[in-house]
>>> print(open('protein-v4.txt').read())   # compact mmCIF, N, CA and C atoms and all ligand atoms
# COMPACT_ATOMS: atom_id res chain seq x y z
N MET A 8 17.20 43.41 11.38
CA MET A 8 18.57 43.87 11.56
C MET A 8 18.75 44.31 13.02
N PRO A 9 19.76 43.78 13.71
CA PRO A 9 19.93 44.13 15.12
C PRO A 9 20.48 45.54 15.30
N THR A 10 20.12 46.14 16.41
CA THR A 10 20.78 47.39 16.80
C THR A 10 22.16 47.03 17.33
N LEU A 11 22.97 48.03 17.59
CA LEU A 11 24.28 47.75 18.17
C LEU A 11 24.14 47.09 19.54
N GLU A 12 23.16 47.54 20.31
CA GLU A 12 22.93 46.95 21.64
C GLU A 12 22.50 45.49 21.52
N GLU A 13 21.63 45.20 20.56
CA GLU A 13 21.20 43.81 20.36
C GLU A 13 22.37 42.95 19.89
N ALA A 14 23.18 43.50 18.98
CA ALA A 14 24.35 42.76 18.48
C ALA A 14 25.33 42.50 19.61
N LYS A 15 25.50 43.49 20.48
CA LYS A 15 26.41 43.33 21.63
C LYS A 15 25.93 42.19 22.53
N ARG A 16 24.62 42.12 22.75
CA ARG A 16 24.08 41.04 23.59
C ARG A 16 24.27 39.68 22.92
N LYS A 17 24.08 39.63 21.61
CA LYS A 17 24.27 38.37 20.89
C LYS A 17 25.73 37.91 20.95
N VAL A 18 26.65 38.86 20.84
CA VAL A 18 28.07 38.51 20.94
C VAL A 18 28.38 38.00 22.36
N ALA A 19 27.78 38.63 23.37
CA ALA A 19 27.98 38.18 24.75
C ALA A 19 27.48 36.75 24.91
N GLU A 20 26.35 36.45 24.30
CA GLU A 20 25.81 35.08 24.37
C GLU A 20 26.77 34.10 23.71
N LEU A 21 27.32 34.50 22.57
CA LEU A 21 28.28 33.65 21.86
C LEU A 21 29.52 33.39 22.72
N VAL A 22 30.00 34.45 23.36
CA VAL A 22 31.20 34.33 24.22
C VAL A 22 30.96 33.32 25.34
N VAL A 23 29.80 33.42 25.98
CA VAL A 23 29.48 32.50 27.07
C VAL A 23 29.30 31.08 26.54
N GLU A 24 28.54 30.96 25.44
CA GLU A 24 28.26 29.65 24.85
C GLU A 24 29.53 28.92 24.45
N LYS A 25 30.49 29.67 23.89
CA LYS A 25 31.72 29.05 23.39
C LYS A 25 32.86 29.05 24.40
N GLY A 26 32.63 29.64 25.57
CA GLY A 26 33.66 29.62 26.60
C GLY A 26 34.84 30.53 26.31
N PHE A 27 34.59 31.61 25.57
CA PHE A 27 35.67 32.57 25.30
C PHE A 27 35.92 33.42 26.54
N GLY A 28 37.03 34.10 26.55
CA GLY A 28 37.36 34.98 27.67
C GLY A 28 36.26 35.99 27.90
N ASN A 29 35.92 36.18 29.18
CA ASN A 29 34.75 37.00 29.48
C ASN A 29 34.98 37.89 30.70
N THR A 30 36.22 38.33 30.86
CA THR A 30 36.53 39.21 31.99
C THR A 30 37.30 40.43 31.47
N PRO A 31 37.33 41.50 32.26
CA PRO A 31 38.07 42.69 31.83
C PRO A 31 39.54 42.42 31.50
N SER A 32 40.11 41.39 32.10
CA SER A 32 41.51 41.08 31.78
C SER A 32 41.69 40.66 30.33
N GLU A 33 40.58 40.30 29.67
CA GLU A 33 40.63 39.89 28.26
C GLU A 33 40.55 41.09 27.29
N ILE A 34 40.32 42.28 27.81
CA ILE A 34 40.12 43.45 26.94
C ILE A 34 41.29 43.66 25.97
N PRO A 35 42.54 43.65 26.45
CA PRO A 35 43.64 43.85 25.49
C PRO A 35 43.64 42.82 24.37
N ASN A 36 43.36 41.56 24.71
CA ASN A 36 43.32 40.52 23.68
C ASN A 36 42.22 40.78 22.66
N LYS A 37 41.07 41.18 23.15
CA LYS A 37 39.93 41.40 22.24
C LYS A 37 40.22 42.56 21.31
N LEU A 38 40.87 43.60 21.82
CA LEU A 38 41.23 44.73 20.96
C LEU A 38 42.29 44.30 19.94
N LEU A 39 43.23 43.48 20.39
CA LEU A 39 44.24 42.97 19.47
C LEU A 39 43.58 42.11 18.39
N PHE A 40 42.65 41.26 18.79
CA PHE A 40 41.98 40.39 17.81
C PHE A 40 41.17 41.21 16.80
N ALA A 41 40.63 42.34 17.25
CA ALA A 41 39.91 43.22 16.31
C ALA A 41 40.88 43.70 15.22
N PHE A 42 42.09 44.08 15.64
CA PHE A 42 43.11 44.50 14.66
C PHE A 42 43.48 43.34 13.73
N ILE A 43 43.63 42.17 14.31
CA ILE A 43 44.00 41.00 13.49
C ILE A 43 42.92 40.73 12.45
N GLU A 44 41.66 40.78 12.87
CA GLU A 44 40.56 40.55 11.92
C GLU A 44 40.53 41.63 10.85
N LEU A 45 40.86 42.87 11.24
CA LEU A 45 40.92 43.95 10.25
C LEU A 45 42.02 43.65 9.23
N GLY A 46 43.14 43.12 9.73
CA GLY A 46 44.21 42.72 8.82
C GLY A 46 43.77 41.60 7.88
N GLU A 47 42.98 40.67 8.41
CA GLU A 47 42.46 39.60 7.57
C GLU A 47 41.54 40.16 6.49
N ALA A 48 40.75 41.16 6.85
CA ALA A 48 39.88 41.80 5.85
C ALA A 48 40.72 42.48 4.78
N GLY A 49 41.77 43.18 5.22
CA GLY A 49 42.64 43.85 4.25
C GLY A 49 43.33 42.85 3.34
N ASP A 50 43.78 41.76 3.90
CA ASP A 50 44.45 40.73 3.11
C ASP A 50 43.48 40.09 2.12
N SER A 51 42.27 39.84 2.58
CA SER A 51 41.25 39.25 1.71
C SER A 51 40.96 40.18 0.53
N TRP A 52 40.83 41.45 0.83
CA TRP A 52 40.55 42.45 -0.22
C TRP A 52 41.72 42.54 -1.20
N LYS A 53 42.94 42.61 -0.63
CA LYS A 53 44.14 42.75 -1.46
C LYS A 53 44.30 41.56 -2.42
N LYS A 54 43.94 40.38 -1.94
CA LYS A 54 44.10 39.18 -2.75
C LYS A 54 42.93 38.92 -3.69
N GLY A 55 41.98 39.83 -3.69
CA GLY A 55 40.85 39.69 -4.62
C GLY A 55 39.91 38.55 -4.27
N LYS A 56 39.86 38.19 -2.99
CA LYS A 56 38.94 37.13 -2.57
C LYS A 56 37.50 37.61 -2.76
N PRO A 57 36.56 36.69 -2.73
CA PRO A 57 35.16 37.11 -2.87
C PRO A 57 34.79 38.16 -1.81
N THR A 58 34.01 39.14 -2.22
CA THR A 58 33.68 40.22 -1.29
C THR A 58 32.95 39.70 -0.05
N GLU A 59 32.22 38.58 -0.22
CA GLU A 59 31.53 38.00 0.95
C GLU A 59 32.54 37.63 2.03
N GLU A 60 33.70 37.13 1.61
CA GLU A 60 34.73 36.75 2.58
C GLU A 60 35.29 37.98 3.27
N THR A 61 35.55 39.03 2.50
CA THR A 61 36.08 40.27 3.08
C THR A 61 35.09 40.86 4.07
N VAL A 62 33.82 40.87 3.68
CA VAL A 62 32.79 41.41 4.57
C VAL A 62 32.68 40.58 5.84
N GLU A 63 32.82 39.27 5.70
CA GLU A 63 32.76 38.41 6.88
C GLU A 63 33.90 38.73 7.85
N GLU A 64 35.07 39.03 7.30
CA GLU A 64 36.20 39.42 8.18
C GLU A 64 35.87 40.74 8.88
N LEU A 65 35.22 41.64 8.17
CA LEU A 65 34.83 42.92 8.80
C LEU A 65 33.82 42.68 9.92
N ILE A 66 32.95 41.71 9.73
CA ILE A 66 32.00 41.37 10.80
C ILE A 66 32.76 40.82 12.01
N ASP A 67 33.82 40.05 11.75
CA ASP A 67 34.65 39.58 12.87
C ASP A 67 35.21 40.76 13.66
N VAL A 68 35.62 41.80 12.92
CA VAL A 68 36.11 43.02 13.59
C VAL A 68 35.02 43.57 14.51
N ILE A 69 33.83 43.67 13.97
CA ILE A 69 32.70 44.22 14.75
C ILE A 69 32.44 43.35 15.98
N PHE A 70 32.49 42.04 15.81
CA PHE A 70 32.29 41.14 16.95
C PHE A 70 33.26 41.49 18.09
N TYR A 71 34.54 41.61 17.74
CA TYR A 71 35.53 41.89 18.78
C TYR A 71 35.37 43.28 19.36
N VAL A 72 35.00 44.24 18.53
CA VAL A 72 34.80 45.60 19.03
C VAL A 72 33.61 45.62 20.00
N LEU A 73 32.54 44.97 19.63
CA LEU A 73 31.37 44.91 20.51
C LEU A 73 31.71 44.19 21.80
N ASP A 74 32.46 43.11 21.68
CA ASP A 74 32.83 42.32 22.85
C ASP A 74 33.71 43.15 23.79
N ALA A 75 34.69 43.84 23.21
CA ALA A 75 35.55 44.68 24.04
C ALA A 75 34.74 45.80 24.68
N SER A 76 33.83 46.38 23.94
CA SER A 76 33.07 47.52 24.45
C SER A 76 32.23 47.13 25.67
N ARG A 77 31.65 45.93 25.65
CA ARG A 77 30.79 45.55 26.78
C ARG A 77 31.61 45.29 28.03
N LEU A 78 32.88 44.87 27.85
CA LEU A 78 33.75 44.66 29.01
C LEU A 78 34.35 45.98 29.51
N ILE A 79 34.58 46.91 28.58
CA ILE A 79 35.14 48.21 28.94
C ILE A 79 34.09 49.08 29.64
N ALA A 80 32.89 49.11 29.07
CA ALA A 80 31.82 49.97 29.60
C ALA A 80 30.49 49.23 29.52
N PRO A 81 30.25 48.32 30.47
CA PRO A 81 29.05 47.48 30.40
C PRO A 81 27.74 48.25 30.31
N SER A 82 27.68 49.43 30.89
CA SER A 82 26.41 50.16 30.90
C SER A 82 26.28 51.13 29.73
N ALA A 83 27.31 51.24 28.90
CA ALA A 83 27.22 52.17 27.76
C ALA A 83 26.17 51.68 26.77
N ASP A 84 25.34 52.60 26.32
CA ASP A 84 24.34 52.28 25.28
C ASP A 84 24.98 52.63 23.94
N LEU A 85 25.42 51.60 23.22
CA LEU A 85 26.18 51.85 21.98
C LEU A 85 25.34 52.54 20.91
N ASP A 86 24.05 52.30 20.90
CA ASP A 86 23.21 53.00 19.91
C ASP A 86 23.19 54.50 20.21
N ASP A 87 23.11 54.84 21.47
CA ASP A 87 23.12 56.24 21.88
C ASP A 87 24.50 56.86 21.59
N VAL A 88 25.55 56.14 21.94
CA VAL A 88 26.90 56.64 21.71
C VAL A 88 27.14 56.83 20.21
N PHE A 89 26.66 55.87 19.42
CA PHE A 89 26.83 55.96 17.96
C PHE A 89 26.15 57.23 17.43
N GLU A 90 24.91 57.44 17.82
CA GLU A 90 24.17 58.61 17.33
C GLU A 90 24.84 59.91 17.74
N LYS A 91 25.31 59.97 18.97
CA LYS A 91 25.97 61.18 19.46
C LYS A 91 27.29 61.43 18.73
N LYS A 92 28.03 60.36 18.50
CA LYS A 92 29.33 60.49 17.81
C LYS A 92 29.13 60.87 16.34
N LEU A 93 28.10 60.28 15.73
CA LEU A 93 27.80 60.63 14.34
C LEU A 93 27.44 62.11 14.23
N ALA A 94 26.59 62.57 15.13
CA ALA A 94 26.19 63.98 15.11
C ALA A 94 27.41 64.87 15.33
N LYS A 95 28.29 64.47 16.24
CA LYS A 95 29.50 65.24 16.51
C LYS A 95 30.38 65.32 15.26
N ASN A 96 30.57 64.18 14.61
CA ASN A 96 31.41 64.16 13.41
C ASN A 96 30.79 64.97 12.27
N MET A 97 29.46 64.98 12.22
CA MET A 97 28.80 65.74 11.15
C MET A 97 29.02 67.24 11.29
N THR A 98 29.35 67.69 12.48
CA THR A 98 29.59 69.12 12.69
C THR A 98 31.01 69.52 12.34
N ARG A 99 31.86 68.56 12.12
CA ARG A 99 33.28 68.86 11.86
C ARG A 99 33.48 69.38 10.44
N PRO A 100 34.43 70.30 10.27
CA PRO A 100 34.72 70.79 8.92
C PRO A 100 35.47 69.74 8.11
N HIS A 101 35.49 69.93 6.81
CA HIS A 101 36.27 69.02 5.96
C HIS A 101 37.74 69.14 6.33
N ARG A 102 38.36 68.01 6.57
CA ARG A 102 39.80 68.02 6.86
C ARG A 102 40.54 67.03 5.99
N TYR A 103 39.80 66.13 5.38
CA TYR A 103 40.43 65.08 4.58
C TYR A 103 39.72 64.99 3.24
N GLY A 104 40.34 64.31 2.31
CA GLY A 104 39.70 64.02 1.03
C GLY A 104 39.57 65.26 0.16
N GLU A 105 38.70 65.15 -0.82
CA GLU A 105 38.55 66.20 -1.82
C GLU A 105 38.10 67.52 -1.21
N GLY A 106 37.22 67.45 -0.24
CA GLY A 106 36.73 68.68 0.38
C GLY A 106 37.84 69.48 1.00
N PHE A 107 38.83 68.79 1.53
CA PHE A 107 39.97 69.46 2.14
C PHE A 107 40.91 69.96 1.05
N ARG A 108 41.15 69.14 0.03
CA ARG A 108 42.11 69.53 -1.01
C ARG A 108 41.65 70.79 -1.73
N ASP A 109 40.34 70.94 -1.91
CA ASP A 109 39.84 72.13 -2.60
C ASP A 109 40.22 73.41 -1.88
N LYS A 110 40.37 73.31 -0.55
CA LYS A 110 40.67 74.48 0.25
C LYS A 110 42.16 74.56 0.62
N ALA A 111 42.92 73.57 0.22
CA ALA A 111 44.33 73.50 0.60
C ALA A 111 45.13 74.65 0.00
N VAL A 112 46.17 75.02 0.70
CA VAL A 112 47.07 76.07 0.21
C VAL A 112 47.80 75.52 -1.01
N PRO A 113 47.97 76.33 -2.05
CA PRO A 113 48.67 75.84 -3.24
C PRO A 113 50.09 75.38 -2.90
N ALA A 114 50.66 74.58 -3.78
CA ALA A 114 52.02 74.09 -3.59
C ALA A 114 52.99 75.26 -3.44
N SER A 115 54.17 74.98 -2.96
CA SER A 115 55.15 76.02 -2.69
C SER A 115 55.43 76.84 -3.95
N PRO A 116 55.74 78.12 -3.77
CA PRO A 116 55.95 79.01 -4.92
C PRO A 116 57.17 78.58 -5.75
N PRO A 117 57.18 78.99 -7.02
CA PRO A 117 58.30 78.57 -7.90
C PRO A 117 59.64 79.14 -7.46
MG MG W 1 38.41 36.18 10.62
>>> encode(input="protein-v4.txt", output="structure tokens")
Amino acid sequence: MPTLEEAKRKVAELVVEKGFGNTPSEIPNKLLFAFIELGEAGDSWKKGKPTEETVEELIDVIFYVLDASRLIAPSADLDDVFEKKLAKNMTRPHRYGEGFRDKAVPASPP
């Protein structure tokens, strides 16, 4: 299983091999394509397509995110950034979901 850094390098190889846009001017397009692929994943899920297809669309999202990231910050170590961001998020209090609802103020008084 590749690390994020290894996956980023593989995506860069794919971009060069296939002649896709490979300059910072392509960053907005790559971010847009990530959203489009996310929409394709949502559509696949909504339509009850095989989960393999939905997961493949999610991988397309990751491809574009990795591709955009290397053009935005070529020297960023995504594995390091991931670990730091995960640790940061783990320190955050519950704000969403059931953990938040349990602490939520009751509905307005009668
Ligand atoms: Mg796709």
>>> residues_near_point(input="protein-v4.txt", point="(35.3, 43.7, 11.1)", cutoff="8 Å", atoms="all atoms listed in the file", output="list in words")
Ala41, Glu44, Leu45, Gly46, Ala48, Thr61, Val62, Glu63, Glu64, Leu65, Ile66, Asp67, Val68, Ile69, Phe70, Tyr71 and Val72 of chain A
>>> residues_around(input="protein-v4.txt", residues="Ala75 of chain A", least_positions_apart="5", cutoff="12 Å", atoms="only C-alpha atoms", output="list in words")
Lys15, Val18, Ala19, Val22, Gly28, Asn29, Thr30, Pro31, Ser32, Glu33, Ile34, Pro35, Asn36, Lys37, Leu38, Leu39, Phe40, Ala41, Val68, Ile69, Phe70, Ala80, Pro81, Ala83 and Leu85 of chain A
>>> atom_distance(input="protein-v4.txt", atom1="atom CA of Leu73 of chain A", atom2="atom CA of Glu90 of chain A")
15.8 Å
>>> axis_aligned_box(input="protein-v4.txt", around="segment 95-100 of chain A", padding_each_side="6 Å", output="lines of an AutoDock Vina configuration file")
center_x = 31.9
center_y = 67.5
center_z = 12.3
size_x = 19.2
size_y = 18.6
size_z = 20.4
>>> select_by_dssp(input="protein-v4.txt", residues="segment 8-114 of chain A", states="alpha helix (DSSP H)", output="PyMOL selection string")
chain A and resi 11-25+34-53+58-79+85-97+104-108
>>> closest_residue(input="protein-v4.txt", among="A:Phe27, A:Phe42, A:Gly55, A:Asp74", to="Ala14 of chain A", atoms="only C-alpha atoms")
A:Asp74
>>> atom_distance(input="protein-v4.txt", atom1="atom CA of Ile43 of chain A", atom2="atom MG of ligand MG 1 (chain W)")
7.9 Å
>>> closest_residue(input="protein-v4.txt", among="A:Asp84, A:Glu59, A:Glu47, A:Glu12", to="ligand MG 1 (chain W)", atoms="all atoms listed in the file")
A:Glu47
